[in-house]
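One structure is given below, encoded as structure tokens.
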Amino acid sequence: MDLAYLHPLYEHPGPWASVYVDTSRHAEDTAHALHLTATAMARELAGQGADDATCRAVESAIEDLRHSPDRYGRALFARAGAVVLDPALTRTPPGGSLAHWAPLPRTTPLLDLAGENPVCVVAYVNRRGADFELRSALERRPAGAVAGRQWPVHRTSSADWSERHFQLKVENTWEHNAAEIADALTVCQEETGADLLVLVGDPRERREVHERLPQRIKDLVAQTEHGTGSRLLDDDVEQVRTDHVRRRAEAELERFLAARTPDDEGRARAVESLPELLEAAREHRIAELLVRPGGPDLHRDVWIGEDADQLAVRRTELTILGEQNSWAARADDALMRAAVTTDATALALTEPGDGVLPGGLGALLRRQ
């Protein structure tokens, strides 16, 4: 997950209100339900020590979600009476809405609830052309179309020799249109940055388009026979997106496991103990932060200073480093701040396997 959009959260001092709102239960009483949620979240923040202005800002922002089309939910990050960032979620918060008041924003849940959101271009292919649709967890919209040659496109049933010339024209039209679709789909993928391409239509038409795609994007392609408006098509696309996320997580885990083995100079490029992680963060060496949601180290207290690279297991360590002001904060909050401010990436690993990330935190390190 690219963390750049979280930079505004670390341009101001805390404390911060972090609220995850479940908007998945759309019904006739949505406005009333959100009103109850807004009241409950404001009360929860006040009980944790949040100031009145910030509680009111969060309450108002949740009330305003009655006009939002969010399918899953929204995260709200607020301080000093203002909501600073409110990203939409791509998954429903487990356990419903929740609120935190802490020195740092609680951003780690975003890795699971808003992190991996692969974008698909769904291409509805036929003999005359194709329509493209862009899909993600948050949107579905047209992404262009291509019209090929319109005649002739159908074979005749006659076996007469006089029909051979016509049949060749049909074949040429199909081949021409498949090439046109493949070219347009390639451009669409480049312009949208889509992670995946899904071909929908007749098996032969899908195959001919796929054969004409550049090799560099063929690995992004999945195919389905279910057509427009089919619930099964929606299921297929969602499965393609889910499989993509799983494969990416597996690849990153393999990189992490390989990086734990020391190189020829005796240095490993991966760490997973909390002291090593904090040291790497102080030295700006974290390239990718890995998080296993629910791990015991996530909520362990560490000590932080005003700057993102001022963090340590014990308060006395910061004093030795020259930091006069320090606060206790959750380990995952502190490491997320360090990752964001050094342009690292982060990834949630929900199923890392036995013995991997026992504390719930790990990192791939930058090469020195």
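Here's how to read the names in the structure tokens: chain A, B, ... by the order shown, residue numbers from 1 in each chain, ligand numbers from 1 in the order shown.
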Inset, instruction - Do a neighbour search on segment 259-261 of chain A at 10 Å with only C-alpha atoms, toss out local chain neighbours closer than 4 positions, and write the hits as a PyMOL selection string. - result: chain A and resi 253-255+266-272+363-365
Give me a file of those residues, with C-alpha atoms, as a PDB file, in the first residue's frame.
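Result file selection-v2.pdb:
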```pdb
ATOM      1  CA  LEU A 253       5.847 -12.825   2.317  1.00  0.00           C
ATOM      2  CA  GLU A 254       8.297 -14.856   0.235  1.00  0.00           C
ATOM      3  CA  ARG A 255      10.498 -11.761  -0.132  1.00  0.00           C
ATOM      4  CA  GLY A 266      26.206 -11.373   7.494  1.00  0.00           C
ATOM      5  CA  ARG A 267      23.418  -8.784   7.249  1.00  0.00           C
ATOM      6  CA  ALA A 268      19.726  -9.646   7.018  1.00  0.00           C
ATOM      7  CA  ARG A 269      17.407  -7.324   5.102  1.00  0.00           C
ATOM      8  CA  ALA A 270      14.351  -8.125   7.203  1.00  0.00           C
ATOM      9  CA  VAL A 271      13.584  -7.649  10.896  1.00  0.00           C
ATOM     10  CA  GLU A 272      10.605  -8.540  13.066  1.00  0.00           C
ATOM     11  CA  ALA A 363       9.855  -4.908   7.879  1.00  0.00           C
ATOM     12  CA  LEU A 364      11.850  -5.272   4.698  1.00  0.00           C
ATOM     13  CA  LEU A 365      14.849  -2.955   4.901  1.00  0.00           C
TER      14      LEU A 365
END
```
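The protein and nucleic acid residues lying at most 8 Å from segment 74-85 of chain A are Leu6, Pro8, Leu9, Gly14, Pro15, Trp16, Ala17, Ser18, Val19, Tyr20, Val21, Asp22, Thr23, Asp51, Asp52, Ala53, Thr54, Cys55, Arg56, Ala57, Val58, Ala61 and Pro105 of chain A, with only C-alpha atoms considered and sequence neighbours fewer than 6 positions away removed.
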Legend entry - Exercise: Glu208 of chain A partners within 8 Å, only C-alpha atoms, chain neighbours under 4 positions left out, as a PyMOL selection string: chain A and resi 175+178+204+212
Inset, instruction - Report as a ChimeraX atom specification: the residues of segment 65-222 of chain A with a DSSP assignment of helix (DSSP H, G or I), based on the backbone of this structure. - result: /A:65-67,109-115,161-192,203-211,215-218
Inset, instruction - Go through A:Glu63, A:Phe132, A:Gly47, A:Gly201 and flag the residue nearest His32 of chain A, using only C-alpha atoms for the distances. - result: A:Glu63
